$ cat start-v4.cif   # mmCIF, C-alpha atoms (C1' of nucleotides)
data_structure
loop_
_atom_site.label_atom_id
_atom_site.label_comp_id
_atom_site.auth_asym_id
_atom_site.auth_seq_id
_atom_site.Cartn_x
_atom_site.Cartn_y
_atom_site.Cartn_z
CA MET A 874 -124.80 -115.22 83.73
CA LEU A 875 -128.39 -116.24 84.07
CA SER A 876 -129.48 -116.75 87.67
CA LYS A 877 -131.01 -120.00 88.79
CA LYS A 878 -134.13 -118.08 89.56
CA THR A 879 -134.62 -117.08 85.93
CA LYS A 880 -133.66 -120.50 84.68
CA TYR A 881 -136.15 -122.21 86.99
CA GLY A 882 -138.82 -119.69 86.12
CA ILE A 883 -138.48 -120.32 82.40
CA LYS A 884 -138.52 -124.05 82.89
CA ALA A 885 -141.64 -123.82 84.99
CA LEU A 886 -143.43 -121.61 82.49
CA SER A 887 -142.41 -123.96 79.76
CA TYR A 888 -143.83 -126.87 81.72
CA MET A 889 -147.12 -125.08 82.21
CA ALA A 890 -147.35 -124.21 78.55
CA LYS A 891 -147.50 -127.91 77.82
CA GLN A 892 -150.50 -128.48 80.03
CA PRO A 893 -153.73 -129.00 78.11
CA GLU A 894 -156.42 -126.35 78.57
CA HIS A 895 -154.49 -124.04 80.90
CA GLU A 896 -155.12 -126.42 83.76
CA PRO A 897 -153.58 -125.48 87.09
CA VAL A 898 -150.37 -127.25 88.04
CA GLN A 899 -149.14 -127.53 91.59
CA THR A 900 -145.79 -126.15 92.59
CA SER A 901 -144.86 -129.54 93.98
CA GLU A 902 -145.42 -131.26 90.67
CA ILE A 903 -143.25 -128.80 88.77
CA ALA A 904 -140.57 -128.92 91.43
CA ARG A 905 -140.44 -132.68 91.30
CA SER A 906 -140.38 -133.04 87.56
CA GLN A 907 -137.83 -130.28 87.00
CA ASN A 908 -135.58 -130.98 89.98
CA ILE A 909 -136.13 -127.63 91.60
CA SER A 910 -136.32 -126.85 95.32
CA GLN A 911 -140.03 -126.48 95.99
CA LYS A 912 -139.79 -123.59 98.39
CA PHE A 913 -137.55 -121.66 96.07
CA LEU A 914 -139.88 -122.34 93.17
CA GLU A 915 -142.82 -121.11 95.24
CA SER A 916 -141.30 -117.67 95.51
CA ILE A 917 -140.55 -117.58 91.80
CA LEU A 918 -144.06 -118.56 90.74
CA LEU A 919 -145.51 -116.05 93.15
CA GLU A 920 -143.48 -113.34 91.49
CA LEU A 921 -144.61 -114.47 88.06
CA ARG A 922 -148.20 -114.29 89.23
CA LYS A 923 -147.76 -110.78 90.54
CA SER A 924 -146.20 -109.76 87.25
CA GLY A 925 -149.25 -110.93 85.36
CA PHE A 926 -147.93 -114.08 83.72
CA LEU A 927 -149.73 -116.57 85.91
CA GLY A 928 -153.03 -117.04 87.65
CA ALA A 929 -153.36 -119.03 90.86
CA LYS A 930 -156.01 -121.15 92.41
CA LYS A 931 -155.86 -122.21 96.05
CA GLY A 932 -157.01 -125.41 97.69
CA LYS A 933 -157.29 -128.93 96.38
CA GLY A 934 -156.92 -129.22 92.65
CA GLY A 935 -155.45 -125.74 92.65
CA GLY A 936 -152.13 -124.52 91.37
CA TYR A 937 -150.73 -122.04 88.90
CA TYR A 938 -151.78 -121.62 85.30
CA LEU A 939 -150.88 -119.47 82.34
CA ILE A 940 -153.05 -116.45 81.79
CA LYS A 941 -151.96 -115.64 78.27
CA GLU A 942 -151.29 -117.88 75.30
CA PRO A 943 -147.69 -119.13 75.07
CA GLU A 944 -147.40 -117.53 71.62
CA GLU A 945 -147.96 -114.14 73.18
CA ILE A 946 -145.26 -114.42 75.81
CA LYS A 947 -141.95 -113.13 74.56
CA MET A 948 -138.83 -114.27 76.32
CA THR A 949 -137.67 -110.69 76.68
CA SER A 950 -140.53 -109.91 79.03
CA VAL A 951 -139.97 -113.03 81.11
CA ILE A 952 -136.28 -112.37 81.52
CA ARG A 953 -136.76 -108.70 82.29
CA VAL A 954 -139.09 -109.59 85.15
CA LEU A 955 -137.01 -112.37 86.65
CA GLU A 956 -133.48 -111.34 85.81
CA GLY A 957 -133.67 -107.61 85.30
CA PRO A 958 -131.75 -105.88 82.53
CA ILE A 959 -130.82 -107.80 79.42
CA ALA A 960 -127.98 -105.47 78.51
CA MET A 961 -124.52 -106.28 79.82
CA VAL A 962 -123.97 -102.71 80.96
CA PRO A 963 -126.52 -100.36 82.57
CA CYS A 964 -125.60 -97.51 80.25
CA VAL A 965 -126.97 -99.39 77.23
CA SER A 966 -130.04 -100.81 78.94
CA LEU A 967 -133.38 -99.78 77.51
CA ASN A 968 -135.48 -100.62 80.55
CA TYR A 969 -132.98 -100.20 83.35
CA TYR A 970 -130.80 -97.38 82.09
CA GLU A 971 -128.21 -95.92 84.38
CA LYS A 972 -125.40 -93.54 83.64
CA CYS A 973 -121.85 -94.67 84.28
CA SER A 974 -120.11 -92.82 87.08
CA ASP A 975 -116.89 -92.91 85.12
CA CYS A 976 -117.29 -92.12 81.40
CA PRO A 977 -117.63 -88.41 80.73
CA SER A 978 -119.17 -89.16 77.33
CA GLU A 979 -121.10 -92.21 76.19
CA GLU A 980 -120.50 -91.48 72.53
CA LYS A 981 -116.78 -91.66 73.04
CA CYS A 982 -116.84 -94.81 75.15
CA SER A 983 -115.41 -97.86 73.43
CA VAL A 984 -117.29 -100.28 75.65
CA HIS A 985 -120.58 -98.51 75.10
CA ALA A 986 -120.60 -98.93 71.34
CA LEU A 987 -119.69 -102.58 71.56
CA MET A 988 -122.31 -103.39 74.14
CA ILE A 989 -125.05 -101.78 72.11
CA GLN A 990 -124.32 -104.24 69.35
CA VAL A 991 -124.45 -107.14 71.77
CA ARG A 992 -127.65 -105.89 73.30
CA ASP A 993 -129.40 -105.55 69.97
CA SER A 994 -128.48 -109.01 68.79
CA THR A 995 -129.57 -110.54 72.07
CA LEU A 996 -132.80 -108.60 72.03
CA LYS A 997 -133.52 -109.87 68.56
CA ILE A 998 -133.20 -113.48 69.63
CA LEU A 999 -135.16 -113.13 72.85
CA GLY A 1000 -137.85 -111.08 71.16
CA ASP A 1001 -138.35 -113.58 68.37
CA ASN A 1002 -138.66 -116.50 70.74
CA THR A 1003 -141.91 -116.98 72.61
CA LEU A 1004 -142.83 -119.47 75.28
CA ALA A 1005 -144.50 -121.50 72.57
CA ASP A 1006 -141.17 -121.95 70.83
CA LEU A 1007 -139.58 -123.27 73.99
CA ALA A 1008 -142.43 -125.53 74.97
CA VAL A 1009 -142.08 -127.78 71.94
CA LYS A 1010 -139.03 -129.19 73.64
CA GLU A 1011 -139.30 -131.99 76.17
CA MET B 11 -123.80 -108.09 83.60
CA LEU B 12 -120.30 -107.10 82.74
CA SER B 13 -118.08 -106.64 85.78
CA LYS B 14 -116.25 -103.40 86.34
CA LYS B 15 -113.06 -105.35 86.04
CA THR B 16 -113.82 -106.31 82.45
CA LYS B 17 -115.08 -102.88 81.60
CA TYR B 18 -111.98 -101.19 82.98
CA GLY B 19 -109.78 -103.73 81.27
CA ILE B 20 -111.30 -103.06 77.88
CA LYS B 21 -111.06 -99.32 78.35
CA ALA B 22 -107.44 -99.60 79.33
CA LEU B 23 -106.60 -101.80 76.36
CA SER B 24 -108.43 -99.40 74.13
CA TYR B 25 -106.42 -96.54 75.54
CA MET B 26 -103.17 -98.34 74.92
CA ALA B 27 -104.16 -99.19 71.38
CA LYS B 28 -104.22 -95.49 70.65
CA GLN B 29 -100.64 -94.96 71.75
CA PRO B 30 -98.24 -94.46 68.88
CA GLU B 31 -95.60 -97.16 68.43
CA HIS B 32 -96.68 -99.43 71.26
CA GLU B 33 -95.11 -97.08 73.73
CA PRO B 34 -95.47 -98.03 77.38
CA VAL B 35 -98.17 -96.26 79.34
CA GLN B 36 -98.14 -95.93 83.10
CA THR B 37 -100.95 -97.32 85.16
CA SER B 38 -101.36 -93.95 86.81
CA GLU B 39 -101.94 -92.22 83.50
CA ILE B 40 -104.64 -94.65 82.42
CA ALA B 41 -106.29 -94.55 85.82
CA ARG B 42 -106.41 -90.79 85.77
CA SER B 43 -107.73 -90.40 82.26
CA GLN B 44 -110.33 -93.14 82.56
CA ASN B 45 -111.46 -92.47 86.13
CA ILE B 46 -110.43 -95.83 87.46
CA SER B 47 -109.04 -96.68 90.88
CA GLN B 48 -105.34 -97.04 90.29
CA LYS B 49 -104.77 -99.96 92.59
CA PHE B 50 -107.69 -101.81 91.11
CA LEU B 51 -106.44 -101.12 87.62
CA GLU B 52 -103.02 -102.40 88.56
CA SER B 53 -104.41 -105.82 89.32
CA ILE B 54 -106.30 -105.88 86.05
CA LEU B 55 -103.32 -104.94 83.93
CA LEU B 56 -101.23 -107.49 85.74
CA GLU B 57 -103.73 -110.16 84.79
CA LEU B 58 -103.73 -109.01 81.20
CA ARG B 59 -99.98 -109.23 81.13
CA LYS B 60 -99.98 -112.76 82.48
CA SER B 61 -102.55 -113.73 79.88
CA GLY B 62 -100.27 -112.56 77.10
CA PHE B 63 -102.01 -109.39 76.02
CA LEU B 64 -99.57 -106.94 77.51
CA GLY B 65 -95.88 -106.51 78.08
CA ALA B 66 -94.44 -104.48 80.94
CA LYS B 67 -91.39 -102.34 81.37
CA LYS B 68 -90.19 -101.29 84.80
CA GLY B 69 -88.40 -98.20 85.95
CA LYS B 70 -88.63 -94.65 84.78
CA GLY B 71 -90.45 -94.27 81.51
CA GLY B 72 -91.83 -97.75 81.91
CA GLY B 73 -95.38 -98.99 81.88
CA TYR B 74 -97.57 -101.46 80.06
CA TYR B 75 -97.80 -101.87 76.31
CA LEU B 76 -99.65 -104.00 73.80
CA ILE B 77 -97.81 -107.03 72.55
CA LYS B 78 -99.99 -107.78 69.56
CA GLU B 79 -101.55 -105.50 66.98
CA PRO B 80 -105.01 -104.21 67.94
CA GLU B 81 -106.44 -105.79 64.78
CA GLU B 82 -105.41 -109.19 66.03
CA ILE B 83 -107.08 -108.92 69.41
CA LYS B 84 -110.64 -110.20 69.30
CA MET B 85 -113.00 -109.03 71.99
CA THR B 86 -114.01 -112.62 72.67
CA SER B 87 -110.55 -113.43 73.96
CA VAL B 88 -110.35 -110.33 76.13
CA ILE B 89 -113.72 -110.97 77.71
CA ARG B 90 -113.03 -114.65 78.27
CA VAL B 91 -109.90 -113.81 80.22
CA LEU B 92 -111.35 -111.02 82.34
CA GLU B 93 -114.98 -112.02 82.67
CA GLY B 94 -114.96 -115.76 82.12
CA PRO B 95 -117.69 -117.47 80.12
CA ILE B 96 -119.57 -115.50 77.49
CA ALA B 97 -122.55 -117.84 77.54
CA MET B 98 -125.38 -117.06 79.93
CA VAL B 99 -125.51 -120.62 81.17
CA PRO B 100 -122.56 -122.95 81.83
CA CYS B 101 -124.19 -125.81 79.93
CA VAL B 102 -123.89 -123.91 76.63
CA SER B 103 -120.44 -122.49 77.26
CA LEU B 104 -117.74 -123.50 74.79
CA ASN B 105 -114.77 -122.66 76.98
CA TYR B 106 -116.19 -123.08 80.47
CA TYR B 107 -118.64 -125.91 79.97
CA GLU B 108 -120.33 -127.40 82.99
CA LYS B 109 -123.23 -129.79 83.16
CA CYS B 110 -126.38 -128.69 84.93
CA SER B 111 -127.10 -130.58 88.12
CA ASP B 112 -130.79 -130.48 87.34
CA CYS B 113 -131.63 -131.24 83.69
CA PRO B 114 -131.49 -134.94 82.89
CA SER B 115 -131.15 -134.14 79.20
CA GLU B 116 -129.73 -131.08 77.50
CA GLU B 117 -131.49 -131.78 74.22
CA LYS B 118 -134.83 -131.63 75.94
CA CYS B 119 -134.12 -128.49 77.95
CA SER B 120 -136.02 -125.44 76.81
CA VAL B 121 -133.55 -123.03 78.31
CA HIS B 122 -130.62 -124.78 76.71
CA ALA B 123 -131.85 -124.33 73.14
CA LEU B 124 -132.64 -120.68 73.68
CA MET B 125 -129.32 -119.89 75.26
CA ILE B 126 -127.41 -121.49 72.44
CA GLN B 127 -128.99 -119.00 70.09
CA VAL B 128 -128.09 -116.11 72.35
CA ARG B 129 -124.55 -117.37 72.74
CA ASP B 130 -124.01 -117.69 69.01
CA SER B 131 -125.27 -114.22 68.21
CA THR B 132 -123.15 -112.70 70.98
CA LEU B 133 -120.12 -114.66 69.87
CA LYS B 134 -120.57 -113.35 66.36
CA ILE B 135 -120.52 -109.75 67.50
CA LEU B 136 -117.62 -110.13 69.89
CA GLY B 137 -115.63 -112.17 67.40
CA ASP B 138 -116.07 -109.65 64.62
CA ASN B 139 -114.97 -106.74 66.78
CA THR B 140 -111.29 -106.31 67.50
CA LEU B 141 -109.52 -103.84 69.73
CA ALA B 142 -108.81 -101.78 66.63
CA ASP B 143 -112.54 -101.32 66.08
CA LEU B 144 -112.98 -100.00 69.60
CA ALA B 145 -109.95 -97.77 69.59
CA VAL B 146 -111.25 -95.50 66.82
CA LYS B 147 -113.57 -94.05 69.43
CA GLU B 148 -112.66 -91.02 71.53
"C1'" DA C 307 -168.42 -128.61 110.19
"C1'" DG C 308 -164.08 -130.50 109.67
"C1'" DT C 309 -160.03 -131.60 107.39
"C1'" DA C 310 -156.87 -131.84 103.77
"C1'" DT C 311 -154.81 -129.24 100.27
"C1'" DA C 312 -152.07 -125.71 98.17
"C1'" DA C 313 -151.15 -120.98 97.50
"C1'" DC C 314 -149.37 -117.05 100.18
"C1'" DC C 315 -146.39 -114.37 103.26
"C1'" DT C 316 -142.43 -113.06 106.37
"C1'" DA C 317 -138.05 -113.95 107.90
"C1'" DG C 318 -133.72 -115.44 108.02
"C1'" DT C 319 -129.13 -117.34 106.67
"C1'" DA C 320 -124.93 -119.40 104.86
"C1'" DA C 321 -122.11 -118.80 101.21
"C1'" DC C 322 -120.23 -116.31 97.90
"C1'" DC C 323 -118.47 -112.47 94.86
"C1'" DC C 324 -117.30 -107.76 93.77
"C1'" DG C 325 -115.04 -103.51 93.99
"C1'" DA C 326 -111.90 -101.30 96.42
"C1'" DT C 327 -108.06 -100.32 99.67
"C1'" DA C 328 -103.67 -100.84 102.31
"C1'" DG C 329 -99.04 -101.74 102.65
"C1'" DG C 330 -95.25 -103.19 101.41
"C1'" DG C 331 -91.56 -105.73 98.19
"C1'" DT C 332 -88.86 -105.99 94.13
"C1'" DA C 333 -86.78 -105.01 89.79
"C1'" DA C 334 -85.18 -101.83 86.27
"C1'" DT C 335 -83.73 -97.40 84.90
"C1'" DA C 336 -81.56 -92.56 85.10
"C1'" DT D 167 -77.94 -94.83 94.52
"C1'" DA D 168 -82.34 -92.91 94.29
"C1'" DT D 169 -86.37 -93.10 91.85
"C1'" DT D 170 -89.93 -95.04 89.37
"C1'" DA D 171 -93.32 -98.18 88.65
"C1'" DC D 172 -94.41 -102.95 88.51
"C1'" DC D 173 -95.60 -106.82 91.54
"C1'" DC D 174 -97.80 -109.35 95.38
"C1'" DT D 175 -100.71 -110.37 99.52
"C1'" DA D 176 -104.26 -109.59 102.45
"C1'" DT D 177 -108.36 -107.71 103.90
"C1'" DC D 178 -112.95 -105.77 104.16
"C1'" DG D 179 -117.65 -103.92 103.72
"C1'" DG D 180 -121.54 -104.49 101.17
"C1'" DG D 181 -124.38 -106.74 98.32
"C1'" DT D 182 -126.55 -110.75 96.01
"C1'" DT D 183 -127.84 -115.61 95.46
"C1'" DA D 184 -129.95 -119.73 96.45
"C1'" DC D 185 -132.31 -121.74 99.65
"C1'" DT D 186 -134.88 -122.93 104.27
"C1'" DA D 187 -138.30 -122.55 108.13
"C1'" DG D 188 -142.62 -121.77 109.75
"C1'" DG D 189 -146.84 -119.91 109.81
"C1'" DT D 190 -151.38 -117.95 107.46
"C1'" DT D 191 -155.19 -117.85 104.29
"C1'" DA D 192 -158.28 -119.56 100.83
"C1'" DT D 193 -160.53 -123.46 98.56
"C1'" DA D 194 -162.49 -128.12 97.93
"C1'" DC D 195 -163.99 -132.48 99.31
"C1'" DT D 196 -166.35 -135.61 102.74
#

$ encode --input "start-v4.cif" --output "structure tokens"
Amino acid sequence: MLSKKTKYGIKALSYMAKQPEHEPVQTSEIARSQNISQKFLESILLELRKSGFLGAKKGKGGGYYLIKEPEEIKMTSVIRVLEGPIAMVPCVSLNYYEKCSDCPSEEKCSVHALMIQVRDSTLKILGDNTLADLAVKE
Amino acid sequence: MLSKKTKYGIKALSYMAKQPEHEPVQTSEIARSQNISQKFLESILLELRKSGFLGAKKGKGGGYYLIKEPEEIKMTSVIRVLEGPIAMVPCVSLNYYEKCSDCPSEEKCSVHALMIQVRDSTLKILGDNTLADLAVKE
DNA sequence: AGTATAACCTAGTAACCCGATAGGGTAATA
DNA sequence: TATTACCCTATCGGGTTACTAGGTTATACT
């Protein structure tokens, strides 16, 4: 299940991608238009800035803005930052791998093989979609 | 993320699928061989029995056994029972649908469209795999 | 200079879920 | 009749989630 945090983050990024000329957008404006708690959104956008997706400008007329072009932002990278692993099981995660405490052998694990298939198909979808693909919606 | 419950459940089902002639297997045996807490496993197998996947036989030589053929058990149905929704967001779930409290329109939601794609690709994988496919492992 | 604006930072919290454990009850079999 | 193994309830620590409160710092406008 996708957390609200990730969901809100994607929606906010998508909103910003629609702004002409990378103009800064205030947290309050995004919160209002997307029905998100402003304080909660603040912490999410801050995290996205620290991860290199957004730039910020303080003071009047300030706000957050996209640093890169929407076409260059894959959904895999966004989700990995906000949500963490994409895989359904740590033992098949590429970026957050962790060995199972049970399971003597991964090759012989029935769950393992299945979840690799799921991971790959999900990765394909999220890797093919960029922020630009999402932002056409509205 | 897949819960341990689901993971253990699948492993247990997979173990039972390998038994010749649908013979009953004791909870203790599965727990031992798969490194699962026996009491925890008990509750999982109980749930699987109530959902119609397993039958149970009490007394000496008893245990749990598969009711249907492994080829007939799709992984979608197993996961839906143990884990719940397969979709990453309730608003794209087929079996556990729930409207988002934010989001005035689903058609216009950027997350919605993306998650439908993810759901469909996952559903394809999990629908094509049956318990028989998993049980060849080991 | 002064004030409004908006990002930034630090905490904290209520609610919830997960994995596991404990302890016993009940039904079927040898 | 004793044993085996399923069945049920209850609880509990630990962790995460979603969200709130309140203050600080940087920028812009007058």

$ interface_residues --input "start-v4.cif" --of "chain D" --to "chain B" --cutoff "12 Å" --atoms "only C-alpha atoms (C1' of nucleotides)" --output "JSON, numbers by chain"
{"D": [168, 169, 170, 171, 172, 173, 174, 175]}

$ residues_around --input "start-v4.cif" --residues "segment 319-329 of chain C" --least-positions-apart "6" --cutoff "12 Å" --atoms "all atoms listed in the file" --output "JSON, numbers by chain"
{"B": [12, 13, 14, 15, 16, 18, 46, 47, 48, 49, 50, 51, 52, 53], "D": [174, 175, 176, 177, 178, 179, 180, 181, 182, 183, 184, 185, 186, 187]}

$ write_last_selection --input "start-v4.cif" --atoms "C-alpha atoms (C1' of nucleotides)" --output "PDB file, in the coordinates of the input"
ATOM      1  CA  LEU B  12    -120.300-107.100  82.740  1.00  0.00           C
ATOM      2  CA  SER B  13    -118.080-106.640  85.780  1.00  0.00           C
ATOM      3  CA  LYS B  14    -116.250-103.400  86.340  1.00  0.00           C
ATOM      4  CA  LYS B  15    -113.060-105.350  86.040  1.00  0.00           C
ATOM      5  CA  THR B  16    -113.820-106.310  82.450  1.00  0.00           C
ATOM      6  CA  TYR B  18    -111.980-101.190  82.980  1.00  0.00           C
ATOM      7  CA  ILE B  46    -110.430 -95.830  87.460  1.00  0.00           C
ATOM      8  CA  SER B  47    -109.040 -96.680  90.880  1.00  0.00           C
ATOM      9  CA  GLN B  48    -105.340 -97.040  90.290  1.00  0.00           C
ATOM     10  CA  LYS B  49    -104.770 -99.960  92.590  1.00  0.00           C
ATOM     11  CA  PHE B  50    -107.690-101.810  91.110  1.00  0.00           C
ATOM     12  CA  LEU B  51    -106.440-101.120  87.620  1.00  0.00           C
ATOM     13  CA  GLU B  52    -103.020-102.400  88.560  1.00  0.00           C
ATOM     14  CA  SER B  53    -104.410-105.820  89.320  1.00  0.00           C
TER      15      SER B  53
ATOM     16  C1'  DC D 174     -97.800-109.350  95.380  1.00  0.00           C
ATOM     17  C1'  DT D 175    -100.710-110.370  99.520  1.00  0.00           C
ATOM     18  C1'  DA D 176    -104.260-109.590 102.450  1.00  0.00           C
ATOM     19  C1'  DT D 177    -108.360-107.710 103.900  1.00  0.00           C
ATOM     20  C1'  DC D 178    -112.950-105.770 104.160  1.00  0.00           C
ATOM     21  C1'  DG D 179    -117.650-103.920 103.720  1.00  0.00           C
ATOM     22  C1'  DG D 180    -121.540-104.490 101.170  1.00  0.00           C
ATOM     23  C1'  DG D 181    -124.380-106.740  98.320  1.00  0.00           C
ATOM     24  C1'  DT D 182    -126.550-110.750  96.010  1.00  0.00           C
ATOM     25  C1'  DT D 183    -127.840-115.610  95.460  1.00  0.00           C
ATOM     26  C1'  DA D 184    -129.950-119.730  96.450  1.00  0.00           C
ATOM     27  C1'  DC D 185    -132.310-121.740  99.650  1.00  0.00           C
ATOM     28  C1'  DT D 186    -134.880-122.930 104.270  1.00  0.00           C
ATOM     29  C1'  DA D 187    -138.300-122.550 108.130  1.00  0.00           C
TER      30       DA D 187
END

$ interface_residues --input "start-v4.cif" --of "chain A" --to "chain B" --cutoff "8 Å" --atoms "all atoms listed in the file" --output "compact mmCIF listing (two decimals) with C-alpha atoms, in the frame of the given file"
# COMPACT_ATOMS: atom_id res chain seq x y z
CA MET A 874 -124.80 -115.22 83.73
CA LEU A 875 -128.39 -116.24 84.07
CA LYS A 880 -133.66 -120.50 84.68
CA ILE A 883 -138.48 -120.32 82.40
CA LYS A 884 -138.52 -124.05 82.89
CA SER A 887 -142.41 -123.96 79.76
CA GLN A 907 -137.83 -130.28 87.00
CA ASN A 908 -135.58 -130.98 89.98
CA ILE A 909 -136.13 -127.63 91.60
CA ALA A 960 -127.98 -105.47 78.51
CA MET A 961 -124.52 -106.28 79.82
CA VAL A 962 -123.97 -102.71 80.96
CA ASP A 975 -116.89 -92.91 85.12
CA CYS A 976 -117.29 -92.12 81.40
CA GLU A 980 -120.50 -91.48 72.53
CA LYS A 981 -116.78 -91.66 73.04
CA CYS A 982 -116.84 -94.81 75.15
CA SER A 983 -115.41 -97.86 73.43
CA VAL A 984 -117.29 -100.28 75.65
CA ALA A 986 -120.60 -98.93 71.34
CA LEU A 987 -119.69 -102.58 71.56
CA GLN A 990 -124.32 -104.24 69.35
CA VAL A 991 -124.45 -107.14 71.77
CA SER A 994 -128.48 -109.01 68.79
CA THR A 995 -129.57 -110.54 72.07
CA ILE A 998 -133.20 -113.48 69.63
CA LEU A 999 -135.16 -113.13 72.85
CA ASN A 1002 -138.66 -116.50 70.74
CA LEU A 1007 -139.58 -123.27 73.99
CA ALA A 1008 -142.43 -125.53 74.97
CA LYS A 1010 -139.03 -129.19 73.64
CA GLU A 1011 -139.30 -131.99 76.17

$ closest_atom_pairs --input "start-v4.cif" --of "chain C" --to "chain A" --cutoff "8 Å" --atoms "only C-alpha atoms (C1' of nucleotides)" --output "tab-separated table"
residue	atom	partner	partner_atom	distance
C:DA310	C1'	A:Lys933	CA	8.0
C:DT311	C1'	A:Lys933	CA	4.6
C:DA312	C1'	A:Gly932	CA	5.0
C:DA313	C1'	A:Lys931	CA	5.1

$ atom_distance --input "start-v4.cif" --atom1 "atom CA of Leu104 of chain B" --atom2 "atom CA of Ser87 of chain B"
12.4 Å

$ axis_aligned_box --input "start-v4.cif" --around "segment 308-312 of chain C" --padding-each-side "8 Å" --output "lines of an AutoDock Vina configuration file"
center_x = -158.1
center_y = -128.8
center_z = 103.9
size_x = 28.0
size_y = 22.1
size_z = 27.5

$ atom_distance --input "start-v4.cif" --atom1 "atom CA of Leu76 of chain B" --atom2 "atom CA of His32 of chain B"
6.0 Å

$ resolve_selection --input "start-v4.cif" --expression "the PyMOL selection byres ((chain B and resi 63-65) around 9)" --output "list in words"
Leu23, Pro34, Leu55, Leu56, Glu57, Leu58, Arg59, Lys60, Ser61, Gly62, Ala66, Lys67, Gly73, Tyr74, Tyr75, Leu76, Ile77, Lys78, Ile83 and Val88 of chain B

$ atom_distance --input "start-v4.cif" --atom1 "atom CA of Thr86 of chain B" --atom2 "atom CA of Gln29 of chain B"
22.2 Å

$ resolve_selection --input "start-v4.cif" --expression "the PyMOL selection byres ((chain D and resi 190) around 9)" --output "ChimeraX atom specification"
/C:314-315 /D:189,191

$ resolve_selection --input "start-v4.cif" --expression "the PyMOL selection byres ((chain C and resi 307) around 12)" --output "PyMOL selection string"
(chain C and resi 308-309) or (chain D and resi 196)
